[in-house]
Amino acid sequence: MTASEIAPPVAATWPTPLAVRWLRLDEFRSYAGLTVEIAEGPVVLTGPNGAGKTNLLEALSFLSPGRGLRQAKLGEVARWQGSGAWAVAAHLQTAEGLREVGTGLVPAGDGDGRERRAVRIDGAAASGAAELAAVSGLLWLTPAMDRLFIEAPSGRRRFLDRLVFGLDPEHARRVSGYEKAMRERSRLLKEGRADPAWLAVIEDRMAKSGTAIASARRHVAARLSAVSTASEDPFPKAGISVAGLLEEWLDDAPEAMVEARFRARLGDSRARDAQAGGALEGPHRADLAVRHWASGAPAEQCSTGEQKALLIAIVLANAKLQAAERGAVPILLLDEIAAHLDADRRASLFDRVIELGAQAWITGTDPDLFGELRHRAQFFAIGEGQISEAVAA
Ligand SMILES: Nc1ncnc2c1ncn2[C@@H]1O[C@H](COP(=O)(O)OP(=O)(O)O)[C@@H](O)[C@H]1O
Ligand SMILES: [Mg+2]
């Protein structure tokens with residue numbers, strides 16, 4: 001046996017790795033119906049281009065708040081040849097035992113006649129996807145995120161918020177509450193005859209949730225930075241911060257004062273925001289700023305490979321923090337990750353995943369890239385809307 005074939009010992013006090021133990025997809029993208037049982041630990045999915053590897057990870061990503069790893073519209077992921085409804089259900093191993101989690105699209109016509117996403121946790125309807133954050137923890141890296149640092153800030157904000165969800169599950173509710181209030185204020189301003197007292201109520205909601213959002217993001221960024229810069233992994237150390245108006249204010253004022261200042265600012269900006277079609281300032285405009293610690297270079301100026309390595313460093317730091325603070329290791333969805341990494345980094349990524357005990361779902365077309373995971377992961381072959389257990393490369 002070579003060293004890489006021996007799984008490292010896992011301490012008895014090690015936190016519970018979140019793990020999908022049973023998964024069922026109905027009418028989701030290329031899958032008409034799929035049921036699979038899975039052990040804990042990493043999962044390798046191989047298959048040719050278009051086989052459905054990313055679709056499967058996307059289905060898993062809907063077990064957390066948001067629109068999944070492709071930012072798809074709800075109806076878009078329904079199988080073309082299907083009825084228009086879709087569902088993803090899983091049995092999730094958590095620190096609190098096995099939980100049943102499900103989500104899907106309830107088409108217009110059922111219930112109130114509006115197309116909507118349903119979420120069920122342990123057999124009961126949950127009021128929104130934000131509740132998923134308390135049960136499941138998922139982080140992903142996809143090829144589309146290779147451009148995360150050079151594209152619009154919205155992608156970086158979503159990434160940042162996902163990092164926060166895992167450490168502070170209340171964050172998902174804060175973000176959806178803030179967005180809802182912001183949309184309502186924009187609508188009232190647009191209509192042009194809003195009652196100032198009613199606007200003040202909404203702005204108060206925005207100030208409270210907005211300040212909490214900025215504070216949580218800032219707090220998580222600082223802790224992630226600390227973990228990443230202390231790490232001995234062969235991934236670049238990442239300096240992580242959040243750039244934004246409220247974040248700046250929080251540098252030298254307590255939360256209560258920032259909240260009051262933001263409330264006043266919103267009240268003063270009604271005319272301007274009405275012109276602009278919405279609030280021009282607030283946490284919805286903040287940005288994640290990442291630096292390559294050793295060189296000091298901003299991530300957007302690093303090479304493509306270095307940017308990917310920085311993202312991996314951040315995701316690993318987040319997984320370590322979640323393990324330490326929540327006692328739960330998040331599920332990692334690593335789409336086509338191996339192809340980007342040289343052999344050394346690939347081997348250490350796999351080692352870190354094993355050390356963490358994380359159920360990482362790792363995809364690739366070439367089974368040869370996963371030799372390091374032989375005997376340490378489950379291998380599945382994907383094709384034609386089906387999954388089959390494969391013999392390791
Ligand atoms: N809504 C849908 N219904 C049915 N098939 C779909 C749907 N969306 C995408 N597909 C198909 O899924 C396939 C892509 O699957 P994907 O998971 O991205 O492949 P890969 O294994 O390369 O990651 C394509 O063949 C595409 O036509
Ligand atoms: Mg793919």
# chains A, B, ... in the order shown; residues from 1 in each chain; ligands from 1
>>> residues_near_ligand(ligand="ligand 2", cutoff="9 Å", atoms="only C-alpha atoms and all ligand atoms", output="JSON, numbers by chain")
{"A": [49, 50, 51, 52, 53, 54, 55, 57, 142, 143, 335, 336, 363, 364, 365]}
>>> residues_around(residues="Ala271 (chain A)", least_positions_apart="3", cutoff="12 Å", atoms="only C-alpha atoms", output="ChimeraX atom specification")
/A:185-186,188-190,192-194,196,265-268,274-280
>>> residues_around(residues="Gly177 (chain A)", least_positions_apart="4", cutoff="9 Å", atoms="only C-alpha atoms", output="list in words")
Ala172, Arg173, Ala181, Met182, Arg205, Met206 and Ser209 of chain A
>>> write_last_selection(atoms="N, CA and C atoms", output="mmCIF file, in the first residue's frame")
data_model
loop_
_atom_site.group_PDB
_atom_site.id
_atom_site.type_symbol
_atom_site.label_atom_id
_atom_site.label_comp_id
_atom_site.auth_asym_id
_atom_site.auth_seq_id
_atom_site.Cartn_x
_atom_site.Cartn_y
_atom_site.Cartn_z
ATOM 1 N N ALA A 172 -28.896 34.189 6.096
ATOM 2 C CA ALA A 172 -29.739 33.976 4.914
ATOM 3 C C ALA A 172 -31.067 34.726 5.066
ATOM 4 N N ARG A 173 -31.618 34.687 6.277
ATOM 5 C CA ARG A 173 -32.883 35.379 6.525
ATOM 6 C C ARG A 173 -32.700 36.901 6.461
ATOM 7 N N ALA A 181 -37.274 44.266 1.711
ATOM 8 C CA ALA A 181 -37.551 45.650 2.115
ATOM 9 C C ALA A 181 -37.066 46.621 1.044
ATOM 10 N N MET A 182 -35.901 46.346 0.489
ATOM 11 C CA MET A 182 -35.337 47.231 -0.522
ATOM 12 C C MET A 182 -36.234 47.287 -1.763
ATOM 13 N N ARG A 205 -36.340 48.881 8.656
ATOM 14 C CA ARG A 205 -36.061 47.458 8.424
ATOM 15 C C ARG A 205 -34.755 47.294 7.644
ATOM 16 N N MET A 206 -34.587 48.122 6.602
ATOM 17 C CA MET A 206 -33.359 48.053 5.802
ATOM 18 C C MET A 206 -32.130 48.384 6.643
ATOM 19 N N SER A 209 -31.509 45.263 9.140
ATOM 20 C CA SER A 209 -30.964 44.057 8.491
ATOM 21 C C SER A 209 -29.685 44.389 7.740
#
>>> closest_residue(among="A:Ile240, A:Ala377, A:Leu334, A:Leu310", to="ligand 1", atoms="only C-alpha atoms and all ligand atoms")
A:Leu334
>>> residues_around(residues="region 255-264 of chain A", least_positions_apart="2", cutoff="10 Å", atoms="only C-alpha atoms", output="ChimeraX atom specification")
/A:200-212,214-215,245-253,266-269,281-282
>>> write_last_selection(atoms="C-alpha atoms", output="CSV table (one decimal), in the first residue's frame")
chain,number,residue,atom,x,y,z
A,200,ALA,CA,-39.6,55.3,7.3
A,201,VAL,CA,-40.8,51.9,8.6
A,202,ILE,CA,-39.3,50.1,5.6
A,203,GLU,CA,-36.1,52.1,5.8
A,204,ASP,CA,-35.8,51.1,9.5
A,205,ARG,CA,-36.1,47.5,8.4
A,206,MET,CA,-33.4,48.1,5.8
A,207,ALA,CA,-31.1,49.8,8.3
A,208,LYS,CA,-31.5,47.0,10.9
A,209,SER,CA,-31.0,44.1,8.5
A,210,GLY,CA,-28.5,46.0,6.4
A,211,THR,CA,-26.2,46.8,9.3
A,212,ALA,CA,-26.4,43.2,10.5
A,214,ALA,CA,-22.5,44.3,6.8
A,215,SER,CA,-21.4,43.3,10.3
A,245,LEU,CA,-20.1,52.1,2.9
A,246,LEU,CA,-21.5,50.4,6.0
A,247,GLU,CA,-18.3,48.3,6.4
A,248,GLU,CA,-16.3,51.5,6.4
A,249,TRP,CA,-18.5,53.0,9.0
A,250,LEU,CA,-18.2,49.9,11.1
A,251,ASP,CA,-14.5,50.4,11.2
A,252,ASP,CA,-14.9,53.2,13.7
A,253,ALA,CA,-18.4,53.2,15.0
A,266,LEU,CA,-31.9,56.4,3.4
A,267,GLY,CA,-34.4,59.0,4.6
A,268,ASP,CA,-32.2,61.8,3.0
A,269,SER,CA,-31.8,59.9,-0.3
A,281,GLU,CA,-26.0,52.8,-1.2
A,282,GLY,CA,-26.1,49.9,1.2
